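Shown next, in structure tokens, is the structure this report addresses.
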Number of protein chains: 2
Amino acid sequence: MRVALDAMGGDKAPEVNLQGARDAYRELGIEVMLVGKPEVVGPQEGIQEGVQAVHASQVIEMHDHPAAAVRSKRDSSIVVGLRLVKDGRADAFVSAGNSGAVMAAALLVLGRPPGIDRPAIGTVIPTLEGRTLMLDAGANADVRPHQLLQFAQMGSAYVSALSDTKAATIGLLSNGEEETKGNALTLEAHALLKASGLNFIGNVEGRDILRGTADVVVTDGFTGNIALKSIEGTAELLQQVLRQEVTRGLRNKLAARALRPAFRRVAARLDYSEVGGAPLLGVNGPVFISHGRSNANAIKNALRVASEAATHDMVGAISKAVPPD
Amino acid sequence: MRVALDAMGGDKAPEVNLQGARDAYRELGIEVMLVGKPEVVGPQEGIQEGVQAVHASQVIEMHDHPAAAVRSKRDSSIVVGLRLVKDGRADAFVSAGNSGAVMAAALLVLGRPPGIDRPAIGTVIPTLEGRTLMLDAGANADVRPHQLLQFAQMGSAYVSALSDTKAATIGLLSNGEEETKGNALTLEAHALLKASGLNFIGNVEGRDILRGTADVVVTDGFTGNIALKSIEGTAELLQQVLRQEVTRGLRNKLAARALRPAFRRVAARLDYSEVGGAPLLGVNGPVFISHGRSNANAIKNALRVASEAATHDMVGAISKAVPPD
């Protein structure tokens with residue numbers, strides 16, 4: 001199994017990318033093709049300790065306009081990395097860079113399976129009980145009801161392919177559990193999902209995402225982004241307020257020190273860096289987008305999940321799940 | 001100042017409603033007209049300790065269809081309470097009941113000021129620095145760009161009328177800070193807000209809501225509901241996980257006991273029951289919707305804010321802020 005990794009993408013690139021690649025080989029036996037500038041990835045001279053350098057002279061920055069950057073930077077690490085998948089030299093691709101550009105480049109280089117309107121970004125969210133896949137998490141701000149159905153079909157196929165879940169439960173993110181709640185988009189999508197043959201459990205609410213009420217939560221990319229950032233923002237803020245309050249005064253500080261392992265377990269139970277990147281569903285190849293703030297552990301886990309997705313033929317499963325029109 | 005209170009609405013009604021009414025009079029000098037079934041509110045025999053009973057023979061339940069219930073239950077506590085405002089017998093109305101029914105009844109009984117398309121529910125969210133008003137928080141699942149502009153005008157007028165904020169900052173909830181980020185609705189609304197003369201600070205993200213980045217966060221009711229419930233769900237879940245982890249073992253339990261005052265301060269800093277109910281903006285009278293899970297403190301604070309809104313002529317300020325077409 002060989003996974004191509006964008007060495008240039010992410011806030012802490014390239015250090016954490018290089019470290020994540022080395023760890024993925026050492027701990028998991030995954031060979032990594034490290035794609036980036038020569039001065040970052042080193043000379044192209046075969047595999048060394050499981051890592052092979054592939055040169056790309058350009059970098060798509062976070063602030064670049066995705067589609068324009070993909071067209072003008074044909075030798076960027078994102079485009080070159082995806083071409084390795086296209087050419088069969090790599091089995092999957094991982095980037096912590098500009099997610100819009102990864103999606104645009106994946107569409108251009110890999111294309112879509114027949115019948116799929118729009119790829120979607122699926123974010124894996126750690127919940128109380130396990131994990132929830134929410135899609136779309138930002139790729140498509142405006143969607144139509146049948147596209148939400150496709151997201152559900154793709155999400156169900158992905159979760160089933162990568163886990164032991166036979167028929168993943170699907171929830172439609174809405175402003176109320178009742179079937180009558182929703183906006184024009186979700187009311188129509190609800191009817192399509194009910195008739196789809198998927199394991200549709202109905203509408204779910206914002207509070208259900210972290211509870212793990214459904215294996216897959218389906219929504220448009222605008223709403224998905226806002227739900228995700230509301231969750232992240234609340235968790236960050238609560239941690240900040242908690243830290244302020246429990247470190248007021250020596251007595252508190254001592255008690256807080258005693259509780260440090262407990263606080264660490266709380267953080268670990270909701271640690272995004274364990275979940276391993278967001279799958280881009282609906283393109284002809286396993287592509288994973290890591291959080292911009294990824295550390296080496298997040299990169300390693302993204303490489304792990306990307307390799308699992310290739311092993312379990314994620315693309316084949318998704319193609320089969322969405323009827324070709 | 002006299003505020004009508006729905007005695008029947010809310011998960012813990014009528015006990016917390018009665019207690020909240022008594023506390024509002026005793027602590028704040030607010031006279032309360034307690035509207036509900038005779039066996040709950042007692043005989044209609046004038047004011048006793050600042051509380052006056054007003055009979056309403058019907059109750060709109062949480063699961064009732066709002067518009068239908070308002071038409072068929074003309075003697076419900078919600079309709080009767082709003083009629084007290086209409087007739088000038090009460091200065092404001094508070095209910096912790098079916099929020100859709102409160103909105104439908106307010107439209108029917110009180111009507112809208114000229115020029116206002118749709119009323120909006122404004123939720124007051126405790127933030128790190130103070131408070132943020134988010135609207136719409138659930139009344140209108142599908143809106144048009146000029147309605148988002150009206151929400152901004154109403155929210156700005158409300159915040160300015162009730163606080164010392166001269167020109168409240170307005171943020172548009174979107175999937176990215178950049179002006180180019182958004183869906184079709186928010187992209188168009190962004191342009192309207194930029195040209196509006198309001199103190200518009202641009203797009204804000206889900207994580208900005210709790211940070212207090214803007215005094216007023218504008219969104220449609222579908223997205224607002226999902227953001228709100230994502231925030232609430234995350235806060236609840238983190239508290240639950242934290243409680244589990246810090247009470248594992250005797251040593252942890254002792255340390256956690258020492259930190260109890262700190263944990264309480266964290267909860268107090270983000271306590272919704274202090275903020276006092278959600279204003280219904282865009283009807284001809286001060287109307288406030290309390291959380292269904294309101295305790296007596298939440299009811300008391302809703303009565304307080306409702307009385308302040310009447311004192312500061314919330315309705316006049318909002319009418320002036322939205323041009324009559």
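Naming works like this for the structure tokens: A, B, ... for the chains as they're shown, residue 1 at the start of each chain, ligands 1 onward in shown order.
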Using only C-alpha atoms, find which residues of chain B lie within 8 Å of chain A and jot them down as JSON, numbers by chain.
{"B": [128, 138, 141, 142, 173, 174, 175, 182, 183, 184, 205, 206, 207, 208, 209, 210, 211, 222, 223, 225, 226, 227, 228, 229, 230, 231, 232, 233, 234, 235, 237, 238, 241, 242, 245, 246, 251, 252, 255, 256, 258, 259, 262, 263, 265, 266]}
Output of the above residues as a compact mmCIF listing (two decimals), in the first residue's frame, restricted to C-alpha atoms:
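Contents of the output file selection.txt:
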# COMPACT_ATOMS: atom_id res chain seq x y z
CA LEU B 128 -16.88 35.17 26.66
CA GLY B 138 -35.95 29.24 14.31
CA ALA B 141 -36.69 28.20 7.84
CA ASP B 142 -36.59 29.74 4.36
CA LEU B 173 -23.31 33.87 9.63
CA SER B 174 -21.51 32.12 6.77
CA ASN B 175 -19.15 29.29 5.90
CA GLY B 182 -21.42 31.84 1.35
CA ASN B 183 -24.42 30.29 -0.30
CA ALA B 184 -26.65 32.07 -2.82
CA GLU B 205 -18.34 31.78 11.28
CA GLY B 206 -19.90 29.24 13.62
CA ARG B 207 -17.01 29.60 16.05
CA ASP B 208 -17.57 33.37 16.28
CA ILE B 209 -21.02 33.07 17.84
CA LEU B 210 -19.78 32.19 21.32
CA ARG B 211 -16.73 34.41 20.98
CA PHE B 222 -32.95 26.87 9.78
CA THR B 223 -29.23 27.60 10.09
CA ASN B 225 -31.48 26.57 14.91
CA ILE B 226 -28.71 24.20 13.88
CA ALA B 227 -25.95 26.50 15.13
CA LEU B 228 -27.75 26.97 18.44
CA LYS B 229 -28.40 23.28 19.01
CA SER B 230 -24.85 22.39 17.97
CA ILE B 231 -23.56 24.81 20.60
CA GLU B 232 -25.94 23.55 23.29
CA GLY B 233 -25.25 19.91 22.45
CA THR B 234 -21.49 20.38 22.60
CA ALA B 235 -21.65 22.18 25.94
CA LEU B 237 -21.73 16.66 26.09
CA LEU B 238 -18.48 18.18 27.31
CA VAL B 241 -17.71 13.69 29.65
CA LEU B 242 -15.93 15.93 32.13
CA GLU B 245 -13.75 11.56 33.96
CA VAL B 246 -13.22 13.71 37.05
CA ARG B 251 -8.51 10.87 44.39
CA ASN B 252 -10.22 12.49 41.42
CA ALA B 255 -9.87 17.07 43.67
CA ALA B 256 -13.10 17.65 41.77
CA ALA B 258 -12.18 21.24 45.64
CA LEU B 259 -12.79 22.60 42.18
CA ALA B 262 -14.61 26.83 39.76
CA PHE B 263 -16.87 24.43 37.85
CA ARG B 265 -18.32 29.67 37.78
CA VAL B 266 -17.80 28.05 34.37
What does chain B look like after a least-squares fit onto chain A on every Cα paired in order, written as a short mmCIF file (atom, residue, chain, number, x, y, z; two decimals) with C-alpha atoms, in the first residue's frame?
data_model
loop_
_atom_site.label_atom_id
_atom_site.label_comp_id
_atom_site.auth_asym_id
_atom_site.auth_seq_id
_atom_site.Cartn_x
_atom_site.Cartn_y
_atom_site.Cartn_z
CA MET B 1 -0.01 0.00 0.03
CA ARG B 2 1.42 3.35 -1.04
CA VAL B 3 -0.13 6.72 -0.15
CA ALA B 4 0.86 10.06 -1.69
CA LEU B 5 1.12 12.91 0.83
CA ASP B 6 1.13 16.63 0.09
CA ALA B 7 4.26 17.75 1.94
CA MET B 8 3.42 21.44 1.55
CA GLY B 9 -0.16 21.65 2.88
CA GLY B 10 -1.22 22.64 6.41
CA ASP B 11 -0.40 25.30 8.98
CA LYS B 12 2.49 23.29 10.42
CA ALA B 13 3.86 22.00 7.09
CA PRO B 14 6.26 20.62 6.20
CA GLU B 15 7.59 19.51 9.61
CA VAL B 16 4.51 17.62 10.82
CA ASN B 17 3.93 16.16 7.35
CA LEU B 18 7.43 14.66 7.27
CA GLN B 19 7.07 13.37 10.81
CA GLY B 20 3.63 11.94 10.10
CA ALA B 21 4.98 10.14 7.02
CA ARG B 22 7.87 8.62 8.97
CA ASP B 23 5.53 7.53 11.79
CA ALA B 24 3.07 5.98 9.32
CA TYR B 25 5.80 3.80 7.89
CA ARG B 26 7.43 2.91 11.18
CA GLU B 27 4.23 2.20 13.12
CA LEU B 28 1.87 1.05 10.39
CA GLY B 29 4.04 -0.08 7.49
CA ILE B 30 2.50 2.41 5.06
CA GLU B 31 4.80 3.54 2.24
CA VAL B 32 4.48 7.27 1.64
CA MET B 33 5.22 9.26 -1.49
CA LEU B 34 6.10 12.69 -0.18
CA VAL B 35 5.17 15.32 -2.77
CA GLY B 36 6.67 18.81 -2.59
CA LYS B 37 9.50 21.18 -3.29
CA PRO B 38 12.92 19.53 -3.62
CA GLU B 39 14.34 21.49 -0.70
CA VAL B 40 11.56 20.09 1.49
CA VAL B 41 11.23 16.47 0.38
CA GLY B 42 14.86 15.90 -0.61
CA PRO B 43 16.29 14.23 -3.73
CA GLN B 44 14.19 11.81 -5.80
CA GLU B 45 16.29 8.76 -5.24
CA GLY B 46 14.01 5.87 -4.45
CA ILE B 47 12.46 4.78 -1.17
CA GLN B 48 14.28 5.54 2.06
CA GLU B 49 12.76 4.11 5.23
CA GLY B 50 9.43 3.74 3.48
CA VAL B 51 9.34 7.32 2.23
CA GLN B 52 9.86 8.32 -1.39
CA ALA B 53 10.31 11.94 -2.50
CA VAL B 54 8.38 13.22 -5.52
CA HIS B 55 9.11 16.73 -6.74
CA ALA B 56 6.50 19.41 -7.34
CA SER B 57 7.80 22.91 -8.00
CA GLN B 58 4.66 24.86 -7.02
CA VAL B 59 2.49 25.28 -3.94
CA ILE B 60 -1.21 26.17 -3.82
CA GLU B 61 -1.58 28.52 -0.87
CA MET B 62 -4.54 28.59 1.53
CA HIS B 63 -5.71 31.93 0.17
CA ASP B 64 -5.46 30.94 -3.52
CA HIS B 65 -8.71 30.67 -5.44
CA PRO B 66 -9.18 26.89 -5.74
CA ALA B 67 -10.21 26.46 -9.38
CA ALA B 68 -7.88 29.16 -10.70
CA ALA B 69 -4.91 27.82 -8.70
CA VAL B 70 -5.46 24.29 -9.96
CA ARG B 71 -5.45 25.53 -13.57
CA SER B 72 -2.42 27.79 -13.19
CA LYS B 73 -0.30 25.60 -10.88
CA ARG B 74 -0.12 22.32 -12.78
CA ASP B 75 3.10 21.40 -11.01
CA SER B 76 1.74 22.02 -7.52
CA SER B 77 2.05 19.34 -4.83
CA ILE B 78 -1.73 18.83 -4.87
CA VAL B 79 -2.02 18.30 -8.62
CA VAL B 80 1.14 16.17 -8.81
CA GLY B 81 0.01 14.04 -5.86
CA LEU B 82 -3.37 13.37 -7.42
CA ARG B 83 -1.73 12.48 -10.70
CA LEU B 84 0.20 9.75 -8.88
CA VAL B 85 -3.16 8.23 -7.96
CA LYS B 86 -4.50 8.68 -11.48
CA ASP B 87 -1.44 6.92 -12.93
CA GLY B 88 -1.68 4.06 -10.48
CA ARG B 89 1.63 4.90 -8.82
CA ALA B 90 -0.11 5.71 -5.50
CA ASP B 91 -3.20 4.06 -4.02
CA ALA B 92 -4.52 7.18 -2.27
CA PHE B 93 -3.76 10.87 -1.65
CA VAL B 94 -3.71 12.96 1.54
CA SER B 95 -3.44 16.75 1.85
CA ALA B 96 -3.80 19.21 4.75
CA GLY B 97 -3.77 22.11 2.29
CA ASN B 98 -6.44 24.23 0.58
CA SER B 99 -9.46 21.92 0.67
CA GLY B 100 -11.25 23.69 -2.16
CA ALA B 101 -8.19 23.20 -4.34
CA VAL B 102 -7.93 19.52 -3.41
CA MET B 103 -11.54 19.07 -4.48
CA ALA B 104 -11.13 21.06 -7.71
CA ALA B 105 -7.93 19.20 -8.60
CA ALA B 106 -9.46 15.81 -7.77
CA LEU B 107 -12.37 16.58 -10.10
CA LEU B 108 -9.98 17.65 -12.83
CA VAL B 109 -7.37 14.90 -12.48
CA LEU B 110 -9.42 11.93 -11.26
CA GLY B 111 -12.97 12.78 -12.34
CA ARG B 112 -16.21 11.42 -10.90
CA PRO B 113 -17.84 7.98 -11.15
CA PRO B 114 -20.88 8.03 -13.45
CA GLY B 115 -24.10 9.32 -11.86
CA ILE B 116 -22.44 11.37 -9.12
CA ASP B 117 -23.34 15.05 -9.43
CA ARG B 118 -20.95 16.59 -6.94
CA PRO B 119 -18.26 15.19 -4.66
CA ALA B 120 -18.72 15.90 -0.95
CA ILE B 121 -16.30 16.28 1.94
CA GLY B 122 -17.15 13.89 4.77
CA THR B 123 -15.93 14.97 8.19
CA VAL B 124 -15.46 12.29 10.79
CA ILE B 125 -16.56 13.56 14.19
CA PRO B 126 -15.62 11.80 17.44
CA THR B 127 -18.80 11.25 19.47
CA LEU B 128 -19.67 9.84 22.88
CA GLU B 129 -20.16 6.34 21.49
CA GLY B 130 -17.91 6.25 18.45
CA ARG B 131 -17.84 8.29 15.29
CA THR B 132 -20.21 10.11 13.02
CA LEU B 133 -19.56 10.95 9.39
CA MET B 134 -21.07 14.30 8.47
CA LEU B 135 -21.28 15.30 4.84
CA ASP B 136 -21.11 17.66 3.12
CA ALA B 137 -18.74 19.55 5.39
CA GLY B 138 -18.03 22.48 3.15
CA ALA B 139 -17.55 21.58 -0.51
CA ASN B 140 -21.02 22.52 -1.79
CA ALA B 141 -22.69 25.61 -0.31
CA ASP B 142 -25.84 25.25 -2.42
CA VAL B 143 -27.22 21.82 -3.20
CA ARG B 144 -30.43 20.29 -4.50
CA PRO B 145 -32.50 17.60 -2.79
CA HIS B 146 -31.30 14.74 -5.01
CA GLN B 147 -27.72 15.74 -4.22
CA LEU B 148 -28.43 15.29 -0.51
CA LEU B 149 -29.71 11.81 -1.41
CA GLN B 150 -26.42 11.12 -3.21
CA PHE B 151 -24.47 12.34 -0.19
CA ALA B 152 -26.44 9.83 1.90
CA GLN B 153 -25.73 7.02 -0.56
CA MET B 154 -22.03 7.85 -0.65
CA GLY B 155 -21.77 8.23 3.13
CA SER B 156 -23.57 4.96 3.74
CA ALA B 157 -21.31 3.12 1.29
CA TYR B 158 -18.18 4.65 2.80
CA VAL B 159 -19.05 3.79 6.40
CA SER B 160 -20.11 0.28 5.43
CA ALA B 161 -16.94 -0.29 3.40
CA LEU B 162 -14.60 0.87 6.14
CA SER B 163 -16.28 -0.56 9.23
CA ASP B 164 -18.36 -3.52 10.25
CA THR B 165 -21.52 -1.43 10.00
CA LYS B 166 -23.80 -3.32 7.60
CA ALA B 167 -26.44 -0.69 6.96
CA ALA B 168 -25.21 2.62 8.35
CA THR B 169 -27.94 4.75 9.94
CA ILE B 170 -28.56 8.01 8.06
CA GLY B 171 -29.88 11.20 9.67
CA LEU B 172 -30.86 14.37 7.84
CA LEU B 173 -29.68 17.51 9.67
CA SER B 174 -32.70 19.73 10.27
CA ASN B 175 -34.24 22.25 12.65
CA GLY B 176 -36.39 19.67 14.39
CA GLU B 177 -36.83 15.91 14.62
CA GLU B 178 -40.37 15.89 13.26
CA GLU B 179 -40.80 15.03 9.60
CA THR B 180 -42.62 18.34 9.10
CA LYS B 181 -39.61 20.38 10.28
CA GLY B 182 -37.11 21.68 7.77
CA ASN B 183 -36.51 24.16 5.00
CA ALA B 184 -37.61 23.67 1.40
CA LEU B 185 -34.40 21.73 0.64
CA THR B 186 -34.57 19.28 3.54
CA LEU B 187 -38.31 18.71 3.32
CA GLU B 188 -37.88 17.48 -0.24
CA ALA B 189 -34.72 15.53 0.59
CA HIS B 190 -36.53 13.88 3.51
CA ALA B 191 -39.07 12.38 1.11
CA LEU B 192 -36.30 11.13 -1.21
CA LEU B 193 -34.40 9.57 1.69
CA LYS B 194 -37.52 7.85 3.01
CA ALA B 195 -38.03 6.18 -0.36
CA SER B 196 -34.35 5.39 -0.91
CA GLY B 197 -33.98 2.00 0.72
CA LEU B 198 -31.18 3.41 2.88
CA ASN B 199 -31.31 2.93 6.67
CA PHE B 200 -32.82 6.42 7.10
CA ILE B 201 -33.71 7.29 10.70
CA GLY B 202 -35.25 10.69 9.90
CA ASN B 203 -34.28 14.23 10.85
CA VAL B 204 -31.55 14.81 13.41
CA GLU B 205 -30.75 18.10 15.18
CA GLY B 206 -27.55 19.99 15.86
CA ARG B 207 -27.25 18.41 19.29
CA ASP B 208 -27.40 14.91 17.76
CA ILE B 209 -24.16 15.28 15.82
CA LEU B 210 -21.88 14.79 18.82
CA ARG B 211 -24.24 12.31 20.44
CA GLY B 212 -23.69 9.89 17.59
CA THR B 213 -27.43 9.49 16.97
CA ALA B 214 -26.73 8.51 13.34
CA ASP B 215 -23.68 6.94 11.68
CA VAL B 216 -24.02 9.43 8.83
CA VAL B 217 -25.40 12.98 9.09
CA VAL B 218 -26.38 14.47 5.74
CA THR B 219 -26.47 18.21 5.08
CA ASP B 220 -25.45 20.86 2.57
CA GLY B 221 -21.91 22.22 2.76
CA PHE B 222 -22.97 25.61 4.10
CA THR B 223 -24.92 24.21 7.04
CA GLY B 224 -22.34 21.48 7.62
CA ASN B 225 -19.57 24.03 7.91
CA ILE B 226 -21.54 26.11 10.39
CA ALA B 227 -22.47 23.10 12.53
CA LEU B 228 -18.87 21.92 12.56
CA LYS B 229 -17.39 25.29 13.46
CA SER B 230 -20.07 25.85 16.12
CA ILE B 231 -19.07 22.55 17.70
CA GLU B 232 -15.34 23.28 17.48
CA GLY B 233 -15.78 26.83 18.76
CA THR B 234 -17.84 25.71 21.75
CA ALA B 235 -15.35 23.00 22.70
CA GLU B 236 -12.44 25.45 22.46
CA LEU B 237 -14.23 28.13 24.43
CA LEU B 238 -15.32 25.78 27.19
CA GLN B 239 -11.78 24.48 27.55
CA GLN B 240 -10.52 28.05 27.74
CA VAL B 241 -13.06 29.10 30.38
CA LEU B 242 -12.43 25.93 32.34
CA ARG B 243 -8.68 26.50 32.30
CA GLN B 244 -9.15 30.08 33.52
CA GLU B 245 -11.42 29.07 36.39
CA VAL B 246 -9.57 26.00 37.66
CA THR B 247 -6.24 27.81 37.79
CA ARG B 248 -7.45 30.69 39.94
CA GLY B 249 -5.54 30.45 43.20
CA LEU B 250 -3.13 27.88 44.57
CA ARG B 251 -5.76 25.55 45.99
CA ASN B 252 -7.49 25.26 42.63
CA LYS B 253 -4.20 24.79 40.84
CA LEU B 254 -3.28 21.84 43.05
CA ALA B 255 -6.66 20.21 42.59
CA ALA B 256 -6.49 20.81 38.85
CA ARG B 257 -3.06 19.20 38.74
CA ALA B 258 -4.48 16.09 40.39
CA LEU B 259 -7.19 16.01 37.76
CA ARG B 260 -4.83 16.47 34.84
CA PRO B 261 -5.07 12.82 33.72
CA ALA B 262 -8.87 13.13 33.77
CA PHE B 263 -8.75 16.35 31.74
CA ARG B 264 -6.44 14.59 29.28
CA ARG B 265 -8.89 11.72 28.90
CA VAL B 266 -11.67 14.22 28.14
CA ALA B 267 -9.53 15.78 25.43
CA ALA B 268 -8.53 12.37 24.07
CA ARG B 269 -12.13 11.23 23.81
CA LEU B 270 -12.88 14.15 21.50
CA ASP B 271 -9.51 14.39 19.73
CA TYR B 272 -9.94 15.07 16.04
CA SER B 273 -6.33 14.08 15.34
CA GLU B 274 -7.23 10.44 15.96
CA VAL B 275 -9.97 10.28 13.35
CA GLY B 276 -7.69 10.64 10.38
CA GLY B 277 -8.82 13.24 7.90
CA ALA B 278 -11.95 13.90 5.92
CA PRO B 279 -12.69 11.64 2.96
CA LEU B 280 -13.54 13.32 -0.33
CA LEU B 281 -16.43 11.18 -1.52
CA GLY B 282 -17.41 10.96 -5.17
CA VAL B 283 -14.12 11.11 -7.07
CA ASN B 284 -12.26 8.29 -8.80
CA GLY B 285 -9.68 7.68 -6.12
CA PRO B 286 -9.31 7.68 -2.34
CA VAL B 287 -8.57 11.30 -1.40
CA PHE B 288 -8.39 12.59 2.18
CA ILE B 289 -8.28 16.16 3.44
CA SER B 290 -6.60 16.72 6.79
CA HIS B 291 -7.39 19.64 9.07
CA GLY B 292 -5.25 22.69 8.31
CA ARG B 293 -4.08 22.59 11.92
CA SER B 294 -3.00 18.94 11.68
CA ASN B 295 -0.18 17.74 13.88
CA ALA B 296 2.01 14.73 13.03
CA ASN B 297 -0.48 12.38 14.69
CA ALA B 298 -3.32 13.72 12.55
CA ILE B 299 -1.22 13.26 9.40
CA LYS B 300 -0.26 9.73 10.38
CA ASN B 301 -3.88 8.82 11.04
CA ALA B 302 -4.99 10.36 7.75
CA LEU B 303 -2.43 8.18 5.99
CA ARG B 304 -3.77 5.18 7.90
CA VAL B 305 -7.41 5.81 6.97
CA ALA B 306 -6.46 6.59 3.34
CA SER B 307 -4.66 3.27 3.14
CA GLU B 308 -7.66 1.47 4.68
CA ALA B 309 -9.99 3.17 2.20
CA ALA B 310 -7.86 1.93 -0.69
CA THR B 311 -7.75 -1.60 0.78
CA HIS B 312 -11.53 -1.68 1.13
CA ASP B 313 -12.16 -0.26 -2.35
CA MET B 314 -13.95 2.84 -1.13
CA VAL B 315 -14.36 4.13 -4.68
CA GLY B 316 -15.93 0.91 -5.96
CA ALA B 317 -18.35 0.80 -3.02
CA ILE B 318 -19.44 4.40 -3.60
CA SER B 319 -19.84 3.90 -7.36
CA LYS B 320 -22.07 0.91 -6.73
CA ALA B 321 -24.19 2.82 -4.17
CA VAL B 322 -25.09 5.72 -6.46
CA PRO B 323 -27.12 4.65 -9.50
CA PRO B 324 -25.59 6.01 -12.77
CA ASP B 325 -28.70 8.16 -13.51
#
Which parts of stretch 23-261 of chain A does DSSP call strand (DSSP E) when run on the backbone here, written out as JSON, numbers by chain?
{"A": [31, 32, 33, 34, 35, 36, 47, 48, 51, 52, 53, 54, 55, 92, 93, 94, 95, 120, 121, 122, 123, 124, 125, 126, 131, 132, 133, 134, 135, 169, 170, 171, 172, 173, 199, 200, 201, 202, 203, 204, 216, 217, 218]}
If you run DSSP on the backbone, which residues of stretch 61-268 of chain B are helix (DSSP H, G or I), as a ChimeraX atom specification?
/B:66-72,77-86,99-109,145-162,184-194,206-211,221-246,250-258,260-268
